[in-house]
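Student: The following block contains the structure, expressed as structure tokens.
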Number of protein chains: 2
Amino acid sequence: MAFHIKPEIRILGIDDSALISDDILIVGAFFRGGQWLDGVMRSSIRRDGMDATERIAKMVTSSKHYGQIKVIMLDGVTYGGFNPVDIVSLYEGTEIPVIVIMREVPDLEKIKDALSNLPDPEERSRIILRAGAITRVVSKDLLNPIFIQCAGIDTEKAGEVVRLSSTRGNVPEPLRVAHMIATGIICGESRGKA
Amino acid sequence: MAFHIKPEIRILGIDDSALISDDILIVGAFFRGGQWLDGVMRSSIRRDGMDATERIAKMVTSSKHYGQIKVIMLDGVTYGGFNPVDIVSLYEGTEIPVIVIMREVPDLEKIKDALSNLPDPEERSRIILRAGAITRVVSKDLLNPIFIQCAGIDTEKAGEVVRLSSTRGNVPEPLRVAHMIATGIICGESRGKA
């Protein structure tokens, strides 16, 4: 596919809030590249539920910015506890490429253990594995690589988008800001890192 | 007083959300100059209540960023309907200078009419007038001046802070972003202008 990366490429970063109720706030920060917040949207998903993919897709497609968003960025593939995002379905449903950002390679054995206490562990596991190969990427800090998974975009282009949007640190600005908004609104003041 | 303006001066922009309940969300966007969102905080005030000054002061002084905030920016002096902010008290209570931003000179006759339907109209009116002289300032757009009121900072320095932080448009970035967060969280998607 043709995927041209401009410095002001519109990116939607999505993060969730702390687990303090059964309805978990998710926040979308709509950015121009790594520079300029141009919109904020929110939705909610069930804690440890199975609705994250559908709810995120709906938040994206019903947004007034939906024609402009060129990349969706996720902070891992589970939101609201272990509510898994099927990034292939999210890409197919929205027609927007998806890049998943992780600070560390996830420990799949640990995740499988945790899933065994929840309904539908095999289905959750299948969705998590569907995110595919994990690629190491140098974002801003050579000594602190991050890890990505992609749907609808090749890893080389995805790495370019990550570097271009990581203006303030090692994590792309749309995710850094979505994290601050979600934790700030739910906890009273932002904390931790995306 | 000595008030040195660095490009990365820490500014807290505060805005409120739409009036859809009796508890109104207020959001603080903690910025480095006009560039970089460094924190998000929130509190709530009563719609048409009298607690805005106290609630905002408490949000500011209980923040982990409280030693760093050099300027508080407000979008007008009434929040959550006609809940007035006493900017002199806010300055005295927090020891942080306050700059009020307005797109237009407020119509005091209209405001007095609206206040007459609420409890304590004289007290509200007194607090609103206490914000003092309104000064016309050119922010970014020569043809679209904005208007400011100040406490704890002279108008010339306040104008400098306004210009320095208006990186994306005519309204300082801390207020533009606080507005997007507050409306995005309450309405589902950000809308309108600070």
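Labels used: A, B, ... for chains in the order of the structure tokens, numbers from 1 for residues in each chain, and numbers from 1 for ligands as shown.
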Counting only C-alpha atoms, which residues of chain B come no farther than 7 Å from chain A, as a compact mmCIF listing (two decimals) with N, CA, C and O atoms, in the first residue's frame?
Tutor:
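Listing of selection.txt after writing:
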# COMPACT_ATOMS: atom_id res chain seq x y z
N GLY B 39 1.34 17.67 32.57
CA GLY B 39 0.50 17.11 33.62
C GLY B 39 -0.94 17.52 33.42
O GLY B 39 -1.22 18.52 32.76
N VAL B 40 -1.85 16.72 33.96
CA VAL B 40 -3.28 17.00 33.87
C VAL B 40 -3.86 16.81 35.27
O VAL B 40 -3.50 15.84 35.95
N MET B 41 -4.71 17.73 35.70
CA MET B 41 -5.39 17.55 36.99
C MET B 41 -6.84 17.94 36.84
O MET B 41 -7.21 18.59 35.87
N ARG B 42 -7.66 17.49 37.77
CA ARG B 42 -9.08 17.85 37.67
C ARG B 42 -9.66 18.01 39.06
O ARG B 42 -9.16 17.49 40.05
N SER B 43 -10.75 18.78 39.07
CA SER B 43 -11.56 18.90 40.27
C SER B 43 -12.98 19.14 39.80
O SER B 43 -13.28 18.99 38.61
N MET B 180 -10.01 21.43 25.43
CA MET B 180 -10.21 20.19 24.67
C MET B 180 -10.40 19.00 25.59
O MET B 180 -11.24 18.13 25.34
N ILE B 181 -9.62 18.95 26.66
CA ILE B 181 -9.75 17.82 27.59
C ILE B 181 -11.11 17.85 28.27
O ILE B 181 -11.83 16.85 28.32
N GLY B 184 -13.87 17.13 25.73
CA GLY B 184 -13.72 15.76 25.22
C GLY B 184 -14.19 14.73 26.22
O GLY B 184 -14.92 13.79 25.88
N ILE B 185 -13.82 14.92 27.49
CA ILE B 185 -14.18 13.95 28.53
C ILE B 185 -15.69 14.00 28.80
O ILE B 185 -16.35 12.97 28.93
N GLY B 188 -17.71 13.51 25.10
CA GLY B 188 -17.35 12.36 24.28
C GLY B 188 -16.31 12.72 23.24
O GLY B 188 -15.49 11.91 22.86
N GLU B 189 -16.36 13.97 22.80
CA GLU B 189 -15.35 14.46 21.85
C GLU B 189 -15.24 15.96 22.04
O GLU B 189 -16.24 16.66 22.26
N SER B 190 -13.99 16.47 21.92
CA SER B 190 -13.77 17.89 22.15
C SER B 190 -14.47 18.72 21.08
O SER B 190 -14.64 18.29 19.95
Student: Could you give me the residues within chain B that DSSP places in helix (DSSP H, G or I), as a VMD selection string?
Tutor: chain B and resid 52 to 61 87 to 94 108 to 115 121 to 129 155 to 165 173 to 187
Student: Residues near Phe147 (chain B), anyone? I mean within 8 Å using only C-alpha atoms, not counting same-chain ones fewer than 2 positions away, as a list of chain:residue names.
Tutor: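 Here the qualifying residues turn out to be B:Ile101, B:Met102, B:Arg103, B:Glu104, B:Val105, B:Ile134, B:Thr135, B:Arg136, B:Val137, B:Pro145, B:Gln149.
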Student: Please identify the strand (DSSP E or B) residues within chain A (assignment by DSSP from backbone atoms) and present them as JSON, numbers by chain.
Tutor: {"A": [10, 11, 12, 13, 14, 15, 16, 23, 24, 25, 26, 27, 28, 29, 30, 31, 32, 36, 37, 38, 39, 40, 41, 42, 43, 44, 45, 46, 71, 72, 73, 74, 75, 78, 79, 83, 84, 98, 99, 100, 101, 102, 135, 136, 137, 146, 147, 148, 149, 150, 151, 189]}
Student: Store the residues picked out above in a file with N, CA and C atoms, as a compact mmCIF listing (two decimals), in the first residue's frame.
Tutor:
# COMPACT_ATOMS: atom_id res chain seq x y z
N ARG A 10 -1.55 12.72 11.03
CA ARG A 10 -2.52 12.69 12.12
C ARG A 10 -2.53 11.31 12.78
N ILE A 11 -2.29 11.30 14.08
CA ILE A 11 -2.18 10.07 14.86
C ILE A 11 -3.17 10.12 16.02
N LEU A 12 -3.86 9.02 16.25
CA LEU A 12 -4.72 8.92 17.43
C LEU A 12 -4.07 7.97 18.43
N GLY A 13 -3.63 8.49 19.57
CA GLY A 13 -3.08 7.67 20.65
C GLY A 13 -4.18 7.34 21.64
N ILE A 14 -4.26 6.06 22.06
CA ILE A 14 -5.36 5.64 22.94
C ILE A 14 -4.78 5.00 24.20
N ASP A 15 -5.22 5.50 25.36
CA ASP A 15 -4.81 4.85 26.61
C ASP A 15 -6.01 4.71 27.53
N ASP A 16 -5.84 3.90 28.57
CA ASP A 16 -6.92 3.69 29.53
C ASP A 16 -6.54 4.28 30.88
N ASP A 23 -16.38 0.08 34.86
CA ASP A 23 -16.33 0.79 33.58
C ASP A 23 -15.01 1.55 33.52
N ILE A 24 -14.20 1.24 32.54
CA ILE A 24 -12.87 1.84 32.46
C ILE A 24 -12.88 2.92 31.38
N LEU A 25 -12.45 4.12 31.76
CA LEU A 25 -12.34 5.22 30.81
C LEU A 25 -11.20 4.96 29.83
N ILE A 26 -11.49 5.10 28.53
CA ILE A 26 -10.39 5.15 27.56
C ILE A 26 -10.42 6.52 26.88
N VAL A 27 -9.22 7.03 26.61
CA VAL A 27 -9.07 8.38 26.07
C VAL A 27 -8.29 8.32 24.77
N GLY A 28 -8.76 9.04 23.77
CA GLY A 28 -8.04 9.18 22.51
C GLY A 28 -7.49 10.59 22.38
N ALA A 29 -6.18 10.71 22.15
CA ALA A 29 -5.55 12.02 21.93
C ALA A 29 -5.20 12.09 20.45
N PHE A 30 -5.84 13.03 19.76
CA PHE A 30 -5.68 13.19 18.31
C PHE A 30 -4.60 14.23 18.06
N PHE A 31 -3.50 13.79 17.46
CA PHE A 31 -2.31 14.62 17.32
C PHE A 31 -1.94 14.90 15.87
N ARG A 32 -1.32 16.06 15.65
CA ARG A 32 -0.58 16.28 14.40
C ARG A 32 0.85 15.89 14.66
N TRP A 36 1.20 18.60 18.20
CA TRP A 36 0.07 19.47 18.42
C TRP A 36 -1.17 18.64 18.72
N LEU A 37 -1.72 18.78 19.91
CA LEU A 37 -2.97 18.11 20.26
C LEU A 37 -4.11 18.83 19.56
N ASP A 38 -4.88 18.07 18.79
CA ASP A 38 -5.92 18.69 17.98
C ASP A 38 -7.32 18.22 18.34
N GLY A 39 -7.41 17.30 19.29
CA GLY A 39 -8.72 16.82 19.69
C GLY A 39 -8.58 15.77 20.77
N VAL A 40 -9.65 15.63 21.55
CA VAL A 40 -9.69 14.63 22.62
C VAL A 40 -11.02 13.90 22.50
N MET A 41 -10.99 12.56 22.62
CA MET A 41 -12.25 11.81 22.63
C MET A 41 -12.18 10.75 23.72
N ARG A 42 -13.33 10.26 24.11
CA ARG A 42 -13.31 9.22 25.16
C ARG A 42 -14.42 8.22 24.91
N SER A 43 -14.21 7.04 25.48
CA SER A 43 -15.24 6.03 25.51
C SER A 43 -15.00 5.23 26.78
N SER A 44 -15.71 4.12 26.93
CA SER A 44 -15.45 3.28 28.10
C SER A 44 -15.54 1.82 27.68
N ILE A 45 -14.82 0.99 28.40
CA ILE A 45 -14.87 -0.45 28.16
C ILE A 45 -15.07 -1.14 29.50
N ARG A 46 -15.45 -2.43 29.45
CA ARG A 46 -15.65 -3.18 30.68
C ARG A 46 -14.31 -3.69 31.20
N VAL A 71 -3.03 6.91 11.57
CA VAL A 71 -2.48 5.82 12.38
C VAL A 71 -3.17 5.81 13.75
N ILE A 72 -3.50 4.60 14.21
CA ILE A 72 -3.96 4.44 15.60
C ILE A 72 -2.79 3.86 16.40
N MET A 73 -2.47 4.46 17.55
CA MET A 73 -1.41 3.93 18.40
C MET A 73 -2.00 3.41 19.70
N LEU A 74 -1.62 2.19 20.05
CA LEU A 74 -2.11 1.58 21.29
C LEU A 74 -0.95 1.35 22.25
N ASP A 75 -1.27 1.38 23.53
CA ASP A 75 -0.30 1.11 24.59
C ASP A 75 -0.49 -0.35 25.02
N THR A 78 -3.81 -5.08 25.63
CA THR A 78 -4.90 -5.28 26.59
C THR A 78 -5.20 -3.97 27.29
N TYR A 79 -6.47 -3.65 27.37
CA TYR A 79 -6.93 -2.42 28.03
C TYR A 79 -7.87 -2.82 29.16
N ASN A 83 -8.85 -6.90 28.85
CA ASN A 83 -9.80 -6.75 27.75
C ASN A 83 -8.96 -6.60 26.47
N PRO A 84 -8.88 -7.67 25.64
CA PRO A 84 -7.88 -7.65 24.55
C PRO A 84 -8.36 -6.89 23.31
N VAL A 98 -2.65 0.21 12.54
CA VAL A 98 -2.53 0.22 14.00
C VAL A 98 -1.08 -0.10 14.38
N ILE A 99 -0.52 0.69 15.29
CA ILE A 99 0.81 0.41 15.86
C ILE A 99 0.66 0.26 17.37
N VAL A 100 1.13 -0.88 17.88
CA VAL A 100 1.10 -1.13 19.32
C VAL A 100 2.49 -0.82 19.87
N ILE A 101 2.56 -0.06 20.96
CA ILE A 101 3.83 0.31 21.57
C ILE A 101 3.97 -0.40 22.92
N MET A 102 5.13 -0.97 23.17
CA MET A 102 5.39 -1.59 24.47
C MET A 102 6.78 -1.18 24.95
N THR A 135 8.62 -6.27 17.21
CA THR A 135 9.85 -5.72 16.64
C THR A 135 10.44 -4.68 17.58
N ARG A 136 11.74 -4.76 17.75
CA ARG A 136 12.48 -3.81 18.56
C ARG A 136 12.72 -2.56 17.71
N VAL A 137 12.45 -1.39 18.29
CA VAL A 137 12.59 -0.13 17.56
C VAL A 137 13.31 0.88 18.44
N ILE A 146 12.15 0.54 22.27
CA ILE A 146 10.80 0.11 22.60
C ILE A 146 10.42 -1.00 21.64
N PHE A 147 9.25 -1.57 21.82
CA PHE A 147 8.84 -2.72 21.02
C PHE A 147 7.48 -2.43 20.41
N ILE A 148 7.31 -2.88 19.17
CA ILE A 148 6.05 -2.58 18.48
C ILE A 148 5.46 -3.83 17.83
N GLN A 149 4.16 -3.78 17.65
CA GLN A 149 3.43 -4.74 16.80
C GLN A 149 2.58 -3.90 15.86
N CYS A 150 2.30 -4.43 14.68
CA CYS A 150 1.61 -3.62 13.67
C CYS A 150 0.52 -4.39 12.95
N ALA A 151 -0.47 -3.66 12.49
CA ALA A 151 -1.46 -4.20 11.56
C ALA A 151 -1.74 -3.14 10.50
N GLU A 189 -5.05 13.59 39.37
CA GLU A 189 -3.82 14.17 38.83
C GLU A 189 -3.07 13.07 38.05
Student: Do you know which residues are at most 12 Å from Glu160 (chain A) counting only C-alpha atoms, after dropping those on the same chain fewer than 6 positions away, and could you put them as a PDB file with all heavy atoms, in the first residue's frame?
Tutor:
ATOM      1  N   PHE A   3       1.810   4.526   1.641  1.00  0.00           N
ATOM      2  CA  PHE A   3       1.636   5.143   2.953  1.00  0.00           C
ATOM      3  C   PHE A   3       2.699   6.206   3.081  1.00  0.00           C
ATOM      4  O   PHE A   3       3.866   5.926   3.333  1.00  0.00           O
ATOM      5  CB  PHE A   3       1.761   4.086   4.056  1.00  0.00           C
ATOM      6  CG  PHE A   3       1.363   4.608   5.408  1.00  0.00           C
ATOM      7  CD1 PHE A   3       0.036   4.573   5.791  1.00  0.00           C
ATOM      8  CD2 PHE A   3       2.293   5.144   6.282  1.00  0.00           C
ATOM      9  CE1 PHE A   3      -0.354   5.059   7.033  1.00  0.00           C
ATOM     10  CE2 PHE A   3       1.911   5.646   7.511  1.00  0.00           C
ATOM     11  CZ  PHE A   3       0.586   5.590   7.889  1.00  0.00           C
ATOM     12  N   HIS A   4       2.279   7.434   2.870  1.00  0.00           N
ATOM     13  CA  HIS A   4       3.225   8.538   2.844  1.00  0.00           C
ATOM     14  C   HIS A   4       3.247   9.197   4.218  1.00  0.00           C
ATOM     15  O   HIS A   4       2.212   9.532   4.774  1.00  0.00           O
ATOM     16  CB  HIS A   4       2.803   9.539   1.767  1.00  0.00           C
ATOM     17  CG  HIS A   4       3.749  10.680   1.655  1.00  0.00           C
ATOM     18  ND1 HIS A   4       5.090  10.505   1.394  1.00  0.00           N
ATOM     19  CD2 HIS A   4       3.551  12.009   1.793  1.00  0.00           C
ATOM     20  CE1 HIS A   4       5.668  11.690   1.357  1.00  0.00           C
ATOM     21  NE2 HIS A   4       4.768  12.611   1.603  1.00  0.00           N
ATOM     22  N   ILE A   5       4.440   9.343   4.788  1.00  0.00           N
ATOM     23  CA  ILE A   5       4.556   9.889   6.140  1.00  0.00           C
ATOM     24  C   ILE A   5       4.974  11.348   6.097  1.00  0.00           C
ATOM     25  O   ILE A   5       6.107  11.665   5.765  1.00  0.00           O
ATOM     26  CB  ILE A   5       5.570   9.080   6.973  1.00  0.00           C
ATOM     27  CG1 ILE A   5       5.132   7.613   7.020  1.00  0.00           C
ATOM     28  CG2 ILE A   5       5.691   9.657   8.376  1.00  0.00           C
ATOM     29  CD1 ILE A   5       6.126   6.698   7.698  1.00  0.00           C
ATOM     30  N   LYS A   6       4.037  12.224   6.420  1.00  0.00           N
ATOM     31  CA  LYS A   6       4.340  13.652   6.538  1.00  0.00           C
ATOM     32  C   LYS A   6       4.663  13.974   7.992  1.00  0.00           C
ATOM     33  O   LYS A   6       4.184  13.296   8.902  1.00  0.00           O
ATOM     34  CB  LYS A   6       3.108  14.485   6.143  1.00  0.00           C
ATOM     35  CG  LYS A   6       2.688  14.362   4.704  1.00  0.00           C
ATOM     36  CD  LYS A   6       1.496  15.288   4.471  1.00  0.00           C
ATOM     37  CE  LYS A   6       0.646  14.823   3.314  1.00  0.00           C
ATOM     38  NZ  LYS A   6      -0.686  15.422   3.277  1.00  0.00           N
ATOM     39  N   PRO A   7       5.411  15.063   8.221  1.00  0.00           N
ATOM     40  CA  PRO A   7       5.716  15.421   9.614  1.00  0.00           C
ATOM     41  C   PRO A   7       4.461  15.667  10.450  1.00  0.00           C
ATOM     42  O   PRO A   7       4.467  15.446  11.647  1.00  0.00           O
ATOM     43  CB  PRO A   7       6.522  16.721   9.486  1.00  0.00           C
ATOM     44  CG  PRO A   7       6.970  16.787   8.072  1.00  0.00           C
ATOM     45  CD  PRO A   7       6.037  15.958   7.247  1.00  0.00           C
ATOM     46  N   ILE A   9       1.584  14.084  10.166  1.00  0.00           N
ATOM     47  CA  ILE A   9       0.669  12.953  10.045  1.00  0.00           C
ATOM     48  C   ILE A   9      -0.255  12.887  11.266  1.00  0.00           C
ATOM     49  O   ILE A   9       0.203  13.014  12.406  1.00  0.00           O
ATOM     50  CB  ILE A   9       1.460  11.624   9.888  1.00  0.00           C
ATOM     51  CG1 ILE A   9       0.519  10.439   9.725  1.00  0.00           C
ATOM     52  CG2 ILE A   9       2.442  11.410  11.030  1.00  0.00           C
ATOM     53  CD1 ILE A   9       1.252   9.119   9.432  1.00  0.00           C
ATOM     54  N   GLY A  33       1.298  14.810  14.073  1.00  0.00           N
ATOM     55  CA  GLY A  33       2.659  14.327  14.295  1.00  0.00           C
ATOM     56  C   GLY A  33       2.911  14.190  15.784  1.00  0.00           C
ATOM     57  O   GLY A  33       2.099  13.648  16.522  1.00  0.00           O
ATOM     58  N   GLY A  34       4.046  14.697  16.237  1.00  0.00           N
ATOM     59  CA  GLY A  34       4.340  14.639  17.663  1.00  0.00           C
ATOM     60  C   GLY A  34       4.233  15.998  18.312  1.00  0.00           C
ATOM     61  O   GLY A  34       4.796  16.229  19.375  1.00  0.00           O
ATOM     62  N   VAL A  71      -3.032   6.910  11.574  1.00  0.00           N
ATOM     63  CA  VAL A  71      -2.476   5.820  12.383  1.00  0.00           C
ATOM     64  C   VAL A  71      -3.175   5.811  13.750  1.00  0.00           C
ATOM     65  O   VAL A  71      -3.405   6.874  14.332  1.00  0.00           O
ATOM     66  CB  VAL A  71      -0.953   6.016  12.618  1.00  0.00           C
ATOM     67  CG1 VAL A  71      -0.424   4.999  13.625  1.00  0.00           C
ATOM     68  CG2 VAL A  71      -0.170   5.911  11.315  1.00  0.00           C
ATOM     69  N   ILE A  99      -0.519   0.690  15.293  1.00  0.00           N
ATOM     70  CA  ILE A  99       0.809   0.414  15.858  1.00  0.00           C
ATOM     71  C   ILE A  99       0.664   0.256  17.367  1.00  0.00           C
ATOM     72  O   ILE A  99       0.129   1.145  18.038  1.00  0.00           O
ATOM     73  CB  ILE A  99       1.819   1.546  15.559  1.00  0.00           C
ATOM     74  CG1 ILE A  99       1.886   1.855  14.061  1.00  0.00           C
ATOM     75  CG2 ILE A  99       3.204   1.178  16.101  1.00  0.00           C
ATOM     76  CD1 ILE A  99       2.788   3.055  13.714  1.00  0.00           C
ATOM     77  N   VAL A 137      12.451  -1.389  18.293  1.00  0.00           N
ATOM     78  CA  VAL A 137      12.585  -0.132  17.557  1.00  0.00           C
ATOM     79  C   VAL A 137      13.314   0.876  18.437  1.00  0.00           C
ATOM     80  O   VAL A 137      13.029   0.976  19.621  1.00  0.00           O
ATOM     81  CB  VAL A 137      11.179   0.416  17.187  1.00  0.00           C
ATOM     82  CG1 VAL A 137      11.239   1.892  16.819  1.00  0.00           C
ATOM     83  CG2 VAL A 137      10.572  -0.377  16.051  1.00  0.00           C
ATOM     84  N   VAL A 138      14.269   1.594  17.857  1.00  0.00           N
ATOM     85  CA  VAL A 138      14.864   2.705  18.587  1.00  0.00           C
ATOM     86  C   VAL A 138      14.023   3.940  18.294  1.00  0.00           C
ATOM     87  O   VAL A 138      13.893   4.358  17.143  1.00  0.00           O
ATOM     88  CB  VAL A 138      16.332   2.930  18.203  1.00  0.00           C
ATOM     89  CG1 VAL A 138      16.835   4.232  18.830  1.00  0.00           C
ATOM     90  CG2 VAL A 138      17.178   1.758  18.664  1.00  0.00           C
ATOM     91  N   SER A 139      13.427   4.477  19.355  1.00  0.00           N
ATOM     92  CA  SER A 139      12.549   5.625  19.208  1.00  0.00           C
ATOM     93  C   SER A 139      13.381   6.900  19.341  1.00  0.00           C
ATOM     94  O   SER A 139      13.849   7.454  18.358  1.00  0.00           O
ATOM     95  CB  SER A 139      11.458   5.520  20.279  1.00  0.00           C
ATOM     96  OG  SER A 139      10.843   6.737  20.508  1.00  0.00           O
ATOM     97  N   LYS A 140      13.614   7.369  20.565  1.00  0.00           N
ATOM     98  CA  LYS A 140      14.392   8.587  20.743  1.00  0.00           C
ATOM     99  C   LYS A 140      15.717   8.258  21.424  1.00  0.00           C
ATOM    100  O   LYS A 140      16.743   8.846  21.135  1.00  0.00           O
ATOM    101  CB  LYS A 140      13.603   9.571  21.604  1.00  0.00           C
ATOM    102  CG  LYS A 140      14.100  11.002  21.525  1.00  0.00           C
ATOM    103  CD  LYS A 140      13.206  11.900  22.354  1.00  0.00           C
ATOM    104  CE  LYS A 140      13.655  13.340  22.270  1.00  0.00           C
ATOM    105  NZ  LYS A 140      13.181  13.993  21.053  1.00  0.00           N
ATOM    106  N   ILE A 148       7.314  -2.879  19.166  1.00  0.00           N
ATOM    107  CA  ILE A 148       6.049  -2.584  18.484  1.00  0.00           C
ATOM    108  C   ILE A 148       5.460  -3.833  17.834  1.00  0.00           C
ATOM    109  O   ILE A 148       6.165  -4.800  17.529  1.00  0.00           O
ATOM    110  CB  ILE A 148       6.209  -1.474  17.406  1.00  0.00           C
ATOM    111  CG1 ILE A 148       7.144  -1.932  16.263  1.00  0.00           C
ATOM    112  CG2 ILE A 148       6.723  -0.178  18.021  1.00  0.00           C
ATOM    113  CD1 ILE A 148       7.174  -0.951  15.071  1.00  0.00           C
ATOM    114  N   ILE A 153       0.376  -1.845   8.399  1.00  0.00           N
ATOM    115  CA  ILE A 153       1.547  -1.005   8.111  1.00  0.00           C
ATOM    116  C   ILE A 153       2.782  -1.867   8.339  1.00  0.00           C
ATOM    117  O   ILE A 153       2.798  -2.705   9.248  1.00  0.00           O
ATOM    118  CB  ILE A 153       1.551   0.257   9.020  1.00  0.00           C
ATOM    119  CG1 ILE A 153       2.762   1.171   8.730  1.00  0.00           C
ATOM    120  CG2 ILE A 153       1.500  -0.114  10.492  1.00  0.00           C
ATOM    121  CD1 ILE A 153       2.685   2.522   9.436  1.00  0.00           C
ATOM    122  N   ASP A 154       3.809  -1.709   7.491  1.00  0.00           N
ATOM    123  CA  ASP A 154       4.997  -2.540   7.718  1.00  0.00           C
ATOM    124  C   ASP A 154       5.836  -1.951   8.843  1.00  0.00           C
ATOM    125  O   ASP A 154       5.717  -0.777   9.191  1.00  0.00           O
ATOM    126  CB  ASP A 154       5.787  -2.756   6.421  1.00  0.00           C
ATOM    127  CG  ASP A 154       6.337  -1.472   5.838  1.00  0.00           C
ATOM    128  OD1 ASP A 154       7.025  -0.726   6.573  1.00  0.00           O
ATOM    129  OD2 ASP A 154       6.084  -1.198   4.652  1.00  0.00           O
ATOM    130  N   SER A 166       7.813  10.828  18.585  1.00  0.00           N
ATOM    131  CA  SER A 166       8.374  10.770  19.946  1.00  0.00           C
ATOM    132  C   SER A 166       9.171  12.039  20.225  1.00  0.00           C
ATOM    133  O   SER A 166      10.384  12.007  20.408  1.00  0.00           O
ATOM    134  CB  SER A 166       9.246   9.520  20.106  1.00  0.00           C
ATOM    135  OG  SER A 166       8.471   8.364  19.907  1.00  0.00           O
ATOM    136  N   PRO A 172       5.775   7.804  21.953  1.00  0.00           N
ATOM    137  CA  PRO A 172       5.143   8.787  21.068  1.00  0.00           C
ATOM    138  C   PRO A 172       4.199   9.719  21.838  1.00  0.00           C
ATOM    139  O   PRO A 172       3.465   9.283  22.734  1.00  0.00           O
ATOM    140  CB  PRO A 172       4.378   7.916  20.064  1.00  0.00           C
ATOM    141  CG  PRO A 172       5.164   6.648  20.018  1.00  0.00           C
ATOM    142  CD  PRO A 172       5.645   6.438  21.429  1.00  0.00           C
TER     143      PRO A 172
END
